[in-house]
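Below is one structure, written out as structure tokens; the observations come after it.
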Amino acid sequence: VARVYGVEKRAPSKAAGYVKIVCTGTVTIPAGYQCTAGNGEKYQTTTANTVATLAEIEVQAVNTGDATNQDALTRVTWDSNQAVGPLQQVATVGAAGITGGFEEDSQEKLRQRLIDRLAFPGVGGNNSQTKAFAEDASAAVGAAYVYAAARGPASLDVAITSDTGDR
């Protein structure tokens, strides 16, 4: 029934965040350079980085789902046996953690999204349609709140929250 009204299960999402590296001098870490956390989840750098010690570089999970989330200060180990200059083998997850990994929508979440769509149909770029666009973007989005004219006439702001953690 949900598909008839344009509501479909959202695919699982990958977690992303930063890891703090330790090295001597500066190193260039290539894009796609992989590391593994203690639970076996793999992450890879999103861009090439030339950085000094204690710099934080962005990584994204290779897999999807809840297991890809990591707490701050979790240790990760670089996978490559090809050394990148004086980069130490172990890095730690940054203060914000690696977050945003979610499983696909449950039946209950799908039901709630269908009820919301039926209660407030989105058409012609109205607030309901903007809300639907934001919530359909990723399984990591728990809810979206639309604020019309927040910055003056013809403006629109959207606040996105997660189902987990502190909103």
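Residue numbering restarts at 1 in every chain; chains get A, B, ... in the order shown in the structure tokens, and ligands count up from 1 in that same order.
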Check the DSSP output for the backbone and give back, as a ChimeraX atom specification, the residues of chain A in strand (DSSP E or B).
/A:13,16-20,23,26-29,34-37,42-45,49-52,56-61,70,75-78,87,90-99,102,143-148,150,152,156-161
Selection near Val84 of chain A, 10 Å with only C-alpha atoms, sequence-local residues under 2 positions removed, as a list in words
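Once the nearby chain positions are removed, what remains is Cys23, Val27, Thr28, Ile29, Pro30, Tyr33, Trp78, Ser80, Asn81, Gln82, Pro86, Leu87, Gln88 and Gln89 of chain A.
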Write the residues of the preceding selection, restricted to C-alpha atoms, as an mmCIF file, in the first residue's frame.
```cif
data_model
loop_
_atom_site.group_PDB
_atom_site.id
_atom_site.type_symbol
_atom_site.label_atom_id
_atom_site.label_comp_id
_atom_site.auth_asym_id
_atom_site.auth_seq_id
_atom_site.Cartn_x
_atom_site.Cartn_y
_atom_site.Cartn_z
ATOM 1 C CA CYS A 23 52.631 10.621 12.074
ATOM 2 C CA VAL A 27 52.033 12.487 5.125
ATOM 3 C CA THR A 28 49.853 12.159 2.054
ATOM 4 C CA ILE A 29 47.057 9.646 2.549
ATOM 5 C CA PRO A 30 45.368 8.642 -0.721
ATOM 6 C CA TYR A 33 42.885 4.187 1.912
ATOM 7 C CA TRP A 78 45.140 1.007 8.669
ATOM 8 C CA SER A 80 47.418 -1.476 3.774
ATOM 9 C CA ASN A 81 50.719 -3.248 4.184
ATOM 10 C CA GLN A 82 52.173 -0.548 1.964
ATOM 11 C CA PRO A 86 55.720 7.910 8.640
ATOM 12 C CA LEU A 87 52.007 7.242 9.296
ATOM 13 C CA GLN A 88 51.413 5.141 12.401
ATOM 14 C CA GLN A 89 49.357 1.978 11.900
#
```
Determine the nearest neighbour of Phe102 of chain A from the options A:Thr68, A:Ser13, A:Thr36, A:Asn63, counting only C-alpha atoms.
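Once distances to Phe102 of chain A are computed over only C-alpha atoms, the minimum belongs to A:Ser13.
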Spatial neighbours of Leu114 of chain A, max dist 8 Å, only C-alpha atoms, sep filter under 4 positions, as a ChimeraX atom specification:
/A:2,5,7,110,118
Selection to disk with C-alpha atoms, as a CSV table (one decimal), in the first residue's frame:
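Saved as again.csv:
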```
chain,number,residue,atom,x,y,z
A,2,ALA,CA,2.8,2.4,0.9
A,5,TYR,CA,1.4,6.6,-2.3
A,7,VAL,CA,6.5,5.8,0.2
A,110,LEU,CA,7.4,2.7,6.9
A,118,LEU,CA,-1.6,10.6,3.9
```
